[in-house]
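Structure below is entry-v2.cif: mmCIF, N, CA and C atoms.
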data_upload
loop_
_atom_site.label_atom_id
_atom_site.label_comp_id
_atom_site.auth_asym_id
_atom_site.auth_seq_id
_atom_site.Cartn_x
_atom_site.Cartn_y
_atom_site.Cartn_z
N MET A 11 93.97 114.34 106.47
CA MET A 11 95.01 113.41 106.09
C MET A 11 95.00 113.31 104.57
N GLY A 12 96.11 113.60 103.95
CA GLY A 12 96.19 113.55 102.50
C GLY A 12 96.97 112.34 102.05
N PHE A 13 96.76 111.96 100.82
CA PHE A 13 97.46 110.83 100.26
C PHE A 13 98.26 111.29 99.06
N ARG A 14 99.42 110.76 98.93
CA ARG A 14 100.21 111.05 97.75
C ARG A 14 99.83 110.05 96.67
N LEU A 15 99.63 110.53 95.48
CA LEU A 15 99.21 109.68 94.36
C LEU A 15 100.20 108.55 94.10
N PRO A 16 101.53 108.79 94.11
CA PRO A 16 102.45 107.67 93.87
C PRO A 16 102.30 106.55 94.90
N ALA A 17 102.01 106.91 96.16
CA ALA A 17 101.85 105.88 97.18
C ALA A 17 100.62 105.02 96.91
N ILE A 18 99.56 105.64 96.46
CA ILE A 18 98.34 104.89 96.16
C ILE A 18 98.56 103.99 94.95
N LEU A 19 99.22 104.51 93.93
CA LEU A 19 99.49 103.70 92.75
C LEU A 19 100.41 102.54 93.10
N SER A 20 101.38 102.79 93.97
CA SER A 20 102.29 101.72 94.40
C SER A 20 101.52 100.66 95.17
N ALA A 21 100.58 101.08 96.01
CA ALA A 21 99.78 100.12 96.77
C ALA A 21 98.96 99.25 95.84
N LYS A 22 98.44 99.82 94.78
CA LYS A 22 97.64 99.03 93.85
C LYS A 22 98.49 98.01 93.11
N LYS A 23 99.77 98.32 92.89
CA LYS A 23 100.65 97.34 92.25
C LYS A 23 100.96 96.20 93.21
N ILE A 24 101.22 96.53 94.48
CA ILE A 24 101.56 95.51 95.47
C ILE A 24 100.35 94.66 95.81
N LEU A 25 99.21 95.32 96.02
CA LEU A 25 97.98 94.60 96.35
C LEU A 25 97.44 93.96 95.09
N GLN A 26 97.55 92.70 95.00
CA GLN A 26 97.03 92.00 93.84
C GLN A 26 95.66 91.46 94.23
N ARG A 27 94.64 92.10 93.74
CA ARG A 27 93.30 91.63 94.06
C ARG A 27 93.05 90.39 93.24
N SER A 28 92.75 89.32 93.92
CA SER A 28 92.58 88.05 93.25
C SER A 28 91.11 87.67 93.24
N PRO A 29 90.75 86.70 92.41
CA PRO A 29 89.35 86.26 92.38
C PRO A 29 88.92 85.73 93.74
N SER A 30 87.66 85.87 94.06
CA SER A 30 87.15 85.36 95.32
C SER A 30 87.14 83.83 95.30
N ALA A 31 86.94 83.25 96.45
CA ALA A 31 86.97 81.80 96.58
C ALA A 31 85.90 81.11 95.74
N SER A 32 84.84 81.85 95.41
CA SER A 32 83.75 81.25 94.64
C SER A 32 84.05 81.18 93.15
N GLN A 33 85.15 81.77 92.71
CA GLN A 33 85.47 81.74 91.30
C GLN A 33 86.28 80.50 90.96
N THR A 34 86.65 80.34 89.71
CA THR A 34 87.08 79.06 89.18
C THR A 34 88.45 78.54 89.61
N ALA A 35 89.47 79.36 89.66
CA ALA A 35 90.83 78.86 89.89
C ALA A 35 91.03 78.39 91.32
N PRO A 36 91.85 77.34 91.52
CA PRO A 36 92.13 76.88 92.88
C PRO A 36 92.90 77.94 93.65
N VAL A 37 92.51 78.16 94.90
CA VAL A 37 93.08 79.23 95.70
C VAL A 37 94.57 79.04 95.94
N ALA A 38 95.01 77.85 96.29
CA ALA A 38 96.41 77.61 96.64
C ALA A 38 97.34 77.95 95.49
N MET A 39 96.93 77.76 94.27
CA MET A 39 97.80 78.02 93.13
C MET A 39 97.91 79.50 92.81
N GLU A 40 97.05 80.34 93.35
CA GLU A 40 97.07 81.75 93.04
C GLU A 40 98.00 82.55 93.93
N VAL A 41 98.52 81.98 94.99
CA VAL A 41 99.35 82.71 95.93
C VAL A 41 100.81 82.34 95.69
N PRO A 42 101.60 83.29 95.16
CA PRO A 42 103.01 83.00 94.92
C PRO A 42 103.79 82.88 96.22
N LYS A 43 104.93 82.26 96.15
CA LYS A 43 105.80 82.10 97.30
C LYS A 43 106.17 83.48 97.84
N GLY A 44 106.10 83.65 99.16
CA GLY A 44 106.42 84.92 99.78
C GLY A 44 105.24 85.85 99.93
N TYR A 45 104.05 85.37 99.56
CA TYR A 45 102.83 86.16 99.65
C TYR A 45 101.79 85.43 100.47
N LEU A 46 100.75 86.15 100.86
CA LEU A 46 99.70 85.61 101.72
C LEU A 46 98.36 86.15 101.24
N ALA A 47 97.36 85.30 101.22
CA ALA A 47 96.01 85.73 100.84
C ALA A 47 95.26 86.15 102.10
N VAL A 48 94.62 87.32 102.05
CA VAL A 48 93.79 87.79 103.16
C VAL A 48 92.42 88.21 102.60
N TYR A 49 91.41 88.09 103.43
CA TYR A 49 90.05 88.49 103.07
C TYR A 49 89.70 89.74 103.86
N VAL A 50 89.14 90.74 103.17
CA VAL A 50 88.92 92.05 103.77
C VAL A 50 87.54 92.57 103.38
N GLY A 51 86.92 93.34 104.28
CA GLY A 51 85.71 94.07 103.94
C GLY A 51 84.44 93.39 104.39
N GLU A 52 83.36 94.01 103.97
CA GLU A 52 82.03 93.49 104.25
C GLU A 52 81.68 92.41 103.23
N LYS A 53 80.58 91.74 103.46
CA LYS A 53 80.15 90.71 102.51
C LYS A 53 79.70 91.36 101.23
N PRO A 54 80.14 90.92 100.09
CA PRO A 54 81.11 89.86 99.92
C PRO A 54 82.52 90.37 100.22
N MET A 55 83.28 89.54 100.92
CA MET A 55 84.65 89.93 101.26
C MET A 55 85.52 89.87 100.01
N LYS A 56 86.51 90.74 99.98
CA LYS A 56 87.44 90.77 98.86
C LYS A 56 88.73 90.10 99.27
N ARG A 57 89.32 89.39 98.36
CA ARG A 57 90.56 88.65 98.62
C ARG A 57 91.72 89.43 98.03
N PHE A 58 92.76 89.65 98.87
CA PHE A 58 93.97 90.33 98.44
C PHE A 58 95.16 89.42 98.68
N VAL A 59 96.15 89.52 97.83
CA VAL A 59 97.40 88.78 98.00
C VAL A 59 98.47 89.82 98.34
N ILE A 60 99.07 89.68 99.54
CA ILE A 60 100.04 90.66 100.03
C ILE A 60 101.36 89.97 100.36
N PRO A 61 102.46 90.73 100.35
CA PRO A 61 103.75 90.15 100.75
C PRO A 61 103.74 89.76 102.23
N VAL A 62 104.36 88.64 102.58
CA VAL A 62 104.41 88.22 103.98
C VAL A 62 105.22 89.20 104.83
N SER A 63 106.06 90.01 104.22
CA SER A 63 106.84 90.99 104.97
C SER A 63 105.94 91.99 105.71
N TYR A 64 104.71 92.18 105.23
CA TYR A 64 103.78 93.10 105.89
C TYR A 64 103.40 92.61 107.28
N LEU A 65 103.53 91.33 107.55
CA LEU A 65 103.14 90.78 108.85
C LEU A 65 103.95 91.37 109.99
N ASN A 66 105.16 91.86 109.72
CA ASN A 66 106.02 92.44 110.76
C ASN A 66 105.72 93.90 111.04
N ALA A 67 104.98 94.57 110.20
CA ALA A 67 104.70 96.00 110.36
C ALA A 67 103.73 96.22 111.51
N PRO A 68 104.04 97.18 112.40
CA PRO A 68 103.15 97.45 113.54
C PRO A 68 101.71 97.77 113.15
N SER A 69 101.52 98.53 112.08
CA SER A 69 100.15 98.88 111.68
C SER A 69 99.40 97.64 111.19
N PHE A 70 100.09 96.72 110.53
CA PHE A 70 99.43 95.49 110.08
C PHE A 70 99.19 94.56 111.27
N GLN A 71 100.09 94.58 112.24
CA GLN A 71 99.89 93.76 113.44
C GLN A 71 98.66 94.22 114.21
N ASP A 72 98.36 95.52 114.17
CA ASP A 72 97.12 96.00 114.79
C ASP A 72 95.90 95.35 114.14
N LEU A 73 95.94 95.22 112.81
CA LEU A 73 94.84 94.55 112.09
C LEU A 73 94.77 93.08 112.49
N LEU A 74 95.92 92.46 112.67
CA LEU A 74 95.94 91.05 113.08
C LEU A 74 95.35 90.86 114.47
N ILE A 75 95.62 91.80 115.36
CA ILE A 75 95.04 91.74 116.71
C ILE A 75 93.52 91.85 116.63
N GLN A 76 93.03 92.76 115.79
CA GLN A 76 91.57 92.88 115.60
C GLN A 76 90.99 91.57 115.07
N ALA A 77 91.70 90.94 114.13
CA ALA A 77 91.23 89.67 113.57
C ALA A 77 91.19 88.59 114.64
N GLU A 78 92.21 88.56 115.49
CA GLU A 78 92.25 87.57 116.56
C GLU A 78 91.11 87.79 117.56
N GLU A 79 90.84 89.05 117.89
CA GLU A 79 89.77 89.35 118.84
C GLU A 79 88.40 88.99 118.28
N GLU A 80 88.20 89.22 116.98
CA GLU A 80 86.89 88.97 116.39
C GLU A 80 86.67 87.51 116.01
N PHE A 81 87.70 86.87 115.45
CA PHE A 81 87.53 85.53 114.91
C PHE A 81 88.29 84.45 115.66
N GLY A 82 89.24 84.81 116.51
CA GLY A 82 90.11 83.80 117.11
C GLY A 82 90.89 83.13 116.00
N TYR A 83 90.90 81.81 116.01
CA TYR A 83 91.60 81.08 114.95
C TYR A 83 90.63 80.40 113.99
N ASP A 84 89.36 80.73 114.10
CA ASP A 84 88.34 80.16 113.23
C ASP A 84 87.85 81.23 112.27
N HIS A 85 88.52 81.36 111.14
CA HIS A 85 88.18 82.40 110.17
C HIS A 85 87.12 81.88 109.21
N PRO A 86 86.05 82.64 109.00
CA PRO A 86 84.91 82.17 108.21
C PRO A 86 85.23 81.86 106.75
N MET A 87 86.23 82.50 106.19
CA MET A 87 86.56 82.28 104.78
C MET A 87 87.57 81.15 104.60
N GLY A 88 88.06 80.60 105.71
CA GLY A 88 89.05 79.54 105.61
C GLY A 88 90.47 80.07 105.55
N GLY A 89 90.63 81.35 105.29
CA GLY A 89 91.93 82.01 105.27
C GLY A 89 91.92 83.13 106.27
N LEU A 90 92.97 83.92 106.29
CA LEU A 90 93.07 85.03 107.22
C LEU A 90 92.05 86.10 106.84
N THR A 91 91.17 86.43 107.78
CA THR A 91 90.12 87.41 107.56
C THR A 91 90.42 88.65 108.40
N ILE A 92 90.49 89.81 107.76
CA ILE A 92 90.78 91.07 108.45
C ILE A 92 89.46 91.83 108.62
N PRO A 93 89.04 92.11 109.86
CA PRO A 93 87.75 92.76 110.10
C PRO A 93 87.82 94.29 109.99
N CYS A 94 88.00 94.77 108.78
CA CYS A 94 87.99 96.21 108.55
C CYS A 94 87.47 96.47 107.15
N SER A 95 87.22 97.73 106.85
CA SER A 95 86.73 98.06 105.51
C SER A 95 87.87 97.92 104.50
N GLU A 96 87.50 97.75 103.26
CA GLU A 96 88.49 97.65 102.19
C GLU A 96 89.32 98.93 102.11
N ASN A 97 88.67 100.08 102.26
CA ASN A 97 89.38 101.35 102.20
C ASN A 97 90.41 101.49 103.32
N MET A 98 90.04 101.09 104.54
CA MET A 98 90.98 101.16 105.65
C MET A 98 92.17 100.24 105.41
N PHE A 99 91.91 99.06 104.90
CA PHE A 99 92.99 98.11 104.60
C PHE A 99 93.96 98.70 103.58
N ILE A 100 93.43 99.29 102.53
CA ILE A 100 94.28 99.89 101.50
C ILE A 100 95.07 101.07 102.07
N ASP A 101 94.46 101.84 102.98
CA ASP A 101 95.19 102.94 103.63
C ASP A 101 96.37 102.41 104.44
N VAL A 102 96.16 101.33 105.18
CA VAL A 102 97.25 100.74 105.98
C VAL A 102 98.36 100.25 105.06
N ILE A 103 98.00 99.54 104.00
CA ILE A 103 99.00 99.01 103.07
C ILE A 103 99.73 100.14 102.36
N SER A 104 99.03 101.22 102.04
CA SER A 104 99.67 102.37 101.40
C SER A 104 100.72 102.97 102.31
N GLY A 105 100.42 103.03 103.61
CA GLY A 105 101.40 103.52 104.57
C GLY A 105 102.63 102.64 104.65
N LEU A 106 102.45 101.34 104.48
CA LEU A 106 103.60 100.43 104.50
C LEU A 106 104.47 100.62 103.27
N ASN A 107 103.88 100.96 102.15
CA ASN A 107 104.63 101.17 100.93
C ASN A 107 105.48 102.43 100.96
N CYS A 108 105.05 103.42 101.76
CA CYS A 108 105.78 104.70 101.85
C CYS A 108 107.02 104.57 102.70
N SER A 109 107.03 103.62 103.62
CA SER A 109 108.16 103.52 104.56
C SER A 109 109.27 102.66 104.04
#

Could you render the structure as structure tokens?
Amino acid sequence: MGFRLPAILSAKKILQRSPSASQTAPVAMEVPKGYLAVYVGEKPMKRFVIPVSYLNAPSFQDLLIQAEEEFGYDHPMGGLTIPCSENMFIDVISGLNCS
């Protein structure tokens, strides 16, 4: 499976990696309208801010199903936690940017 460089660069622009919850700025103020904060990866989890439009994509819904199966509605970070590696998450988001 190969990746096109423009798709990866586009994903990095869309995925705004924000400071983790342990850093200084209040979390609610960092998420612009129309975006959603998600936590991804192993400990320490990384926080990403993504467009809410991604929630309708079938590949992202697969990630949401995994999150529901693993965490139910009790997410350890207080926000939406996606139980996959950071690389897998970026691959899924890159695919959404190409379509």

Open item on the list: Which residue is closest to Thr91 in chain A? Choose from A:Cys108, A:Ala67, A:Ile60, A:Met55 and count only C-alpha atoms.
Closed with: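 So, comparing all the options, the nearest one is A:Met55.
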
Task: Picked residues, the PyMOL selection byres (((chain A and resi 42-52 and name CA) around 6) and name CA), expected as a PyMOL selection string - done: chain A and resi 41+53-62+90-92+94-96

- [ ] Quick one: pull the distance between atom C of Ser104 in chain A and CA of Tyr83 in chain A, Å, one decimal.
- [x] 26.9 Å

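For the pair CA of Phe99 in chain A and CA of Glu78 in chain A, the separation is 16.0 Å.
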
Task: Between CA of Gly89 in chain A and CA of Leu106 in chain A, distance in Å (one decimal) - done: 21.8 Å
